[in-house]
>>> print(open('input.txt').read())   # compact mmCIF, C-alpha atoms
# COMPACT_ATOMS: atom_id res chain seq x y z
CA MET J 1 13.46 -10.36 0.40
CA ILE J 2 10.96 -8.27 2.40
CA GLU J 3 11.77 -6.50 5.65
CA PHE J 4 10.50 -3.65 7.80
CA ARG J 5 12.23 -0.29 7.40
CA GLU J 6 11.91 3.15 8.91
CA HIS J 7 11.60 6.16 6.64
CA SER J 8 15.10 7.09 5.58
CA THR J 9 16.81 9.33 3.09
CA THR J 10 17.27 6.30 0.82
CA ILE J 11 13.58 5.40 0.85
CA ASP J 12 12.51 9.04 0.36
CA THR J 13 14.93 9.41 -2.59
CA ILE J 14 13.66 6.21 -4.23
CA LEU J 15 10.08 7.37 -3.77
CA ARG J 16 10.71 10.81 -5.28
CA GLU J 17 12.74 9.41 -8.20
CA ASN J 18 10.30 6.65 -9.12
CA PHE J 19 6.96 7.98 -7.94
CA GLY J 20 6.75 11.71 -8.58
CA GLY J 21 3.38 12.12 -6.89
CA TYR J 22 4.60 10.64 -3.62
CA GLN J 23 4.08 12.76 -0.52
CA GLN J 24 5.75 11.64 2.67
CA GLN J 25 3.36 10.57 5.41
CA ASN J 26 3.55 12.20 8.81
CA ASP J 27 1.86 9.26 10.45
CA PRO J 28 3.11 7.99 13.83
CA PHE J 29 1.39 4.63 13.20
CA GLU J 30 2.98 4.05 9.77
CA LYS J 31 4.93 0.88 9.06
CA ILE J 32 7.02 0.41 5.93
CA ALA J 33 8.14 -2.89 4.47
CA VAL J 34 10.56 -2.89 1.54
CA TYR J 35 11.22 -5.47 -1.17
CA TYR J 36 14.85 -5.94 -2.15
CA LEU J 37 16.37 -7.39 -5.29
CA ASN J 38 19.39 -5.31 -6.24
CA GLY J 39 18.32 -2.51 -3.92
CA ILE J 40 14.82 -1.44 -3.00
CA VAL J 41 12.40 -2.13 -5.86
CA GLY J 42 9.10 -1.90 -4.01
CA LEU J 43 7.51 -1.00 -0.74
CA VAL J 44 4.27 -1.04 1.16
CA SER J 45 3.21 1.56 3.70
CA TYR J 46 0.39 0.83 6.10
CA SER J 47 -0.87 2.09 9.41
CA ILE J 48 -2.30 0.11 12.29
CA ILE J 49 -4.54 2.26 14.44
CA TYR J 50 -5.98 0.27 17.33
CA ASP J 51 -8.26 -2.34 15.74
CA ARG J 52 -8.18 -1.08 12.16
CA ALA J 53 -5.54 -0.70 9.47
CA GLU J 54 -5.07 1.43 6.39
CA ILE J 55 -2.96 0.57 3.38
CA ASN J 56 -1.36 3.90 2.50
CA TYR J 57 0.37 2.77 -0.68
CA ILE J 58 2.09 -0.07 -2.48
CA LEU J 59 4.79 1.07 -4.88
CA VAL J 60 6.88 -0.99 -7.29
CA VAL J 61 9.56 0.47 -9.57
CA ASN J 62 8.26 0.37 -13.17
CA LYS J 63 10.76 -2.16 -14.54
CA TYR J 64 9.85 -4.64 -11.77
CA ARG J 65 6.08 -4.49 -12.19
CA ARG J 66 4.05 -7.55 -13.19
CA GLN J 67 6.35 -9.85 -11.19
CA ASN J 68 3.96 -10.24 -8.21
CA ILE J 69 6.08 -7.96 -6.02
CA GLY J 70 3.00 -5.90 -5.15
CA GLY J 71 1.17 -9.08 -4.17
CA LYS J 72 4.04 -10.21 -1.97
CA LEU J 73 4.19 -6.81 -0.27
CA LEU J 74 0.43 -6.78 0.29
CA ASN J 75 0.52 -10.31 1.69
CA PHE J 76 3.35 -9.32 4.05
CA ALA J 77 1.33 -6.34 5.32
CA LEU J 78 -1.86 -8.43 5.68
CA LYS J 79 -0.06 -10.99 7.85
CA ASP J 80 1.25 -8.26 10.15
CA ILE J 81 -2.15 -6.55 10.27
CA PHE J 82 -3.87 -9.85 11.13
CA LYS J 83 -1.22 -10.59 13.79
CA ASN J 84 -2.08 -7.22 15.36
CA LYS J 85 -5.75 -8.28 15.67
CA CYS J 86 -7.23 -5.64 13.41
CA LYS J 87 -10.89 -5.95 12.49
CA THR J 88 -10.90 -4.01 9.21
CA ILE J 89 -8.48 -2.75 6.58
CA SER J 90 -9.26 0.12 4.22
CA LEU J 91 -7.53 1.78 1.32
CA GLU J 92 -8.15 4.17 -1.55
CA VAL J 93 -7.11 3.44 -5.11
CA GLU J 94 -7.46 5.50 -8.29
CA GLU J 95 -10.56 4.29 -10.09
CA ASP J 96 -8.61 3.79 -13.34
CA ASN J 97 -5.83 1.71 -11.71
CA ILE J 98 -7.32 -1.60 -12.83
CA PRO J 99 -4.26 -3.77 -11.99
CA ALA J 100 -4.27 -2.50 -8.40
CA ILE J 101 -8.04 -2.95 -8.05
CA LYS J 102 -7.76 -6.54 -9.32
CA LEU J 103 -4.93 -7.21 -6.86
CA TYR J 104 -6.95 -5.90 -3.93
CA GLU J 105 -10.04 -7.86 -5.01
CA LYS J 106 -7.89 -11.01 -5.24
CA TYR J 107 -7.02 -10.49 -1.56
CA GLY J 108 -10.65 -10.02 -0.52
CA PHE J 109 -11.09 -6.26 -0.59
CA ILE J 110 -14.54 -5.02 -1.59
CA LYS J 111 -15.42 -1.72 -3.26
CA LYS J 112 -17.41 0.38 -0.78
CA ALA J 113 -17.61 3.92 -2.18
CA VAL J 114 -16.25 6.40 -4.69
CA ARG J 115 -14.42 9.45 -3.39
CA ASP J 116 -14.81 12.26 -5.90
CA LYS J 117 -11.61 14.06 -6.91
CA TYR J 118 -9.63 12.37 -4.15
CA TYR J 119 -6.39 12.32 -6.16
CA ASN J 120 -5.95 15.77 -7.77
CA ASN J 121 -9.21 15.69 -9.73
CA LYS J 122 -9.15 11.88 -10.11
CA ASN J 123 -11.74 9.78 -8.35
CA ALA J 124 -10.72 7.08 -5.88
CA ILE J 125 -12.43 3.89 -4.88
CA LEU J 126 -12.61 3.14 -1.17
CA MET J 127 -12.00 -0.58 -0.64
CA VAL J 128 -12.43 -2.47 2.62
CA LYS J 129 -11.52 -5.92 3.88
CA GLU J 130 -13.23 -7.27 7.01
CA LEU J 131 -11.07 -9.59 9.09
CA ARG J 132 -13.69 -10.63 11.68
>>> encode(input="input.txt", output="structure tokens")
Amino acid sequence: MIEFREHSTTIDTILRENFGGYQQQNDPFEKIAVYYLNGIVGLVSYSIIYDRAEINYILVVNKYRRQNIGGKLLNFALKDIFKNKCKTISLEVEEDNIPAIKLYEKYGFIKKAVRDKYYNNKNAILMVKELR
């Protein structure tokens, strides 16, 4: 089941325990949707800023990966973003995160640029999806 959630102590704890590199956003436009099985096992964070959106992150607990939870979360976010009449969506992804890149490409994102040392000395790929 997927539903919207505000940042909470529970979400922050899950993020810190399962995703050590997570840094809480201080984004007034941020929306979070969580995926539940026996508790929160994944979440997507995205921001809608006027007519554009940014995918901040999609996180799935390790033992639940490769079950299309990331795809379901991305699809949920895309529907909300489209409903809010955004024109473009952008995101950054580590250049060596091949499963994530393939997921984003499957949903129509295109590689636009490389951002040198974007993630603590790791390069990121800027990906964009045009909606109009």
>>> closest_residue(input="input.txt", among="J:Ala77, J:Lys83, J:Asn68, J:Asn121", to="Ala100 in chain J", atoms="all atoms listed in the file")
J:Asn68
>>> closest_residue(input="input.txt", among="J:Arg132, J:Arg52, J:Lys122, J:Ile58", to="Tyr35 in chain J", atoms="only C-alpha atoms")
J:Ile58
>>> atom_distance(input="input.txt", atom1="CA of Leu91 in chain J", atom2="CA of Arg65 in chain J")
20.2 Å
>>> residues_around(input="input.txt", residues="Met1 in chain J", least_positions_apart="2", cutoff="12 Å", atoms="all atoms listed in the file", output="list in words")
Glu3, Phe4, Ala33, Val34, Tyr35, Tyr36, Leu37, Asn38, Gly39, Ile40, Val41, Gly42, Leu43, Ile69, Lys72, Leu73 and Phe76 of chain J
>>> residues_around(input="input.txt", residues="Phe82 in chain J", least_positions_apart="4", cutoff="8 Å", atoms="only C-alpha atoms", output="VMD selection string")
chain J and resid 78 86 131
>>> closest_residue(input="input.txt", among="J:Ile32, J:Ile49, J:Ile89, J:Ile101", to="Lys129 in chain J", atoms="all atoms listed in the file")
J:Ile89
>>> residues_around(input="input.txt", residues="Tyr104 in chain J", least_positions_apart="5", cutoff="12 Å", atoms="all atoms listed in the file", output="number ranges by chain")
J: 55, 57-58, 70-75, 78, 89-93, 97-99, 109-111, 125-129
>>> build_atoms(input="input.txt", residues="range 38-72 of chain J", atoms="N, CA and C atoms", output="short mmCIF file (atom, residue, chain, number, x, y, z; two decimals), in the frame of the given file")
data_model
loop_
_atom_site.label_atom_id
_atom_site.label_comp_id
_atom_site.auth_asym_id
_atom_site.auth_seq_id
_atom_site.Cartn_x
_atom_site.Cartn_y
_atom_site.Cartn_z
N ASN J 38 18.10 -5.99 -6.23
CA ASN J 38 19.39 -5.31 -6.24
C ASN J 38 19.16 -3.90 -5.74
N GLY J 39 18.76 -3.77 -4.49
CA GLY J 39 18.32 -2.51 -3.92
C GLY J 39 16.81 -2.57 -3.74
N ILE J 40 16.26 -1.49 -3.25
CA ILE J 40 14.82 -1.44 -3.00
C ILE J 40 14.09 -1.28 -4.33
N VAL J 41 13.18 -2.21 -4.62
CA VAL J 41 12.40 -2.13 -5.86
C VAL J 41 10.91 -1.97 -5.60
N GLY J 42 10.51 -2.08 -4.35
CA GLY J 42 9.10 -1.90 -4.01
C GLY J 42 8.94 -1.71 -2.52
N LEU J 43 7.79 -1.14 -2.16
CA LEU J 43 7.51 -1.00 -0.74
C LEU J 43 6.03 -0.86 -0.50
N VAL J 44 5.64 -1.20 0.71
CA VAL J 44 4.27 -1.04 1.16
C VAL J 44 4.31 -0.20 2.43
N SER J 45 3.38 0.74 2.51
CA SER J 45 3.21 1.56 3.70
C SER J 45 1.80 1.30 4.21
N TYR J 46 1.69 1.04 5.50
CA TYR J 46 0.39 0.83 6.10
C TYR J 46 0.42 1.31 7.53
N SER J 47 -0.75 1.60 8.05
CA SER J 47 -0.87 2.09 9.41
C SER J 47 -1.84 1.21 10.18
N ILE J 48 -1.44 0.87 11.39
CA ILE J 48 -2.30 0.11 12.29
C ILE J 48 -2.71 1.06 13.40
N ILE J 49 -3.99 1.31 13.48
CA ILE J 49 -4.54 2.26 14.44
C ILE J 49 -5.58 1.52 15.28
N TYR J 50 -5.15 1.06 16.43
CA TYR J 50 -5.98 0.27 17.33
C TYR J 50 -6.46 -0.99 16.62
N ASP J 51 -7.75 -1.10 16.32
CA ASP J 51 -8.26 -2.34 15.74
C ASP J 51 -8.55 -2.22 14.24
N ARG J 52 -8.00 -1.21 13.61
CA ARG J 52 -8.18 -1.08 12.16
C ARG J 52 -6.84 -0.74 11.51
N ALA J 53 -6.77 -0.98 10.22
CA ALA J 53 -5.54 -0.70 9.47
C ALA J 53 -5.89 0.01 8.18
N GLU J 54 -4.94 0.76 7.68
CA GLU J 54 -5.07 1.43 6.39
C GLU J 54 -3.84 1.11 5.56
N ILE J 55 -4.06 0.71 4.33
CA ILE J 55 -2.96 0.57 3.38
C ILE J 55 -2.78 1.96 2.78
N ASN J 56 -1.63 2.56 3.02
CA ASN J 56 -1.36 3.90 2.50
C ASN J 56 -0.95 3.85 1.03
N TYR J 57 -0.04 2.95 0.71
CA TYR J 57 0.37 2.77 -0.68
C TYR J 57 1.21 1.53 -0.84
N ILE J 58 1.19 0.98 -2.04
CA ILE J 58 2.09 -0.07 -2.48
C ILE J 58 2.74 0.47 -3.74
N LEU J 59 4.05 0.52 -3.74
CA LEU J 59 4.79 1.07 -4.88
C LEU J 59 5.81 0.06 -5.36
N VAL J 60 5.88 -0.12 -6.68
CA VAL J 60 6.88 -0.99 -7.29
C VAL J 60 7.51 -0.22 -8.45
N VAL J 61 8.84 -0.21 -8.49
CA VAL J 61 9.56 0.47 -9.57
C VAL J 61 9.08 -0.11 -10.91
N ASN J 62 8.85 0.77 -11.89
CA ASN J 62 8.26 0.37 -13.17
C ASN J 62 8.86 -0.90 -13.77
N LYS J 63 10.16 -1.01 -13.85
CA LYS J 63 10.76 -2.16 -14.54
C LYS J 63 10.56 -3.47 -13.79
N TYR J 64 10.08 -3.43 -12.55
CA TYR J 64 9.85 -4.64 -11.77
C TYR J 64 8.37 -4.97 -11.61
N ARG J 65 7.51 -4.21 -12.28
CA ARG J 65 6.08 -4.49 -12.19
C ARG J 65 5.73 -5.77 -12.93
N ARG J 66 4.58 -6.31 -12.61
CA ARG J 66 4.05 -7.55 -13.19
C ARG J 66 4.91 -8.77 -12.85
N GLN J 67 5.56 -8.71 -11.68
CA GLN J 67 6.35 -9.85 -11.19
C GLN J 67 5.84 -10.30 -9.82
N ASN J 68 4.64 -9.91 -9.46
CA ASN J 68 3.96 -10.24 -8.21
C ASN J 68 4.64 -9.63 -6.98
N ILE J 69 5.46 -8.62 -7.17
CA ILE J 69 6.08 -7.96 -6.02
C ILE J 69 5.02 -7.23 -5.20
N GLY J 70 4.09 -6.57 -5.87
CA GLY J 70 3.00 -5.90 -5.15
C GLY J 70 2.18 -6.88 -4.33
N GLY J 71 1.91 -8.05 -4.89
CA GLY J 71 1.17 -9.08 -4.17
C GLY J 71 1.93 -9.58 -2.95
N LYS J 72 3.23 -9.76 -3.09
CA LYS J 72 4.04 -10.21 -1.97
C LYS J 72 4.08 -9.15 -0.87
#
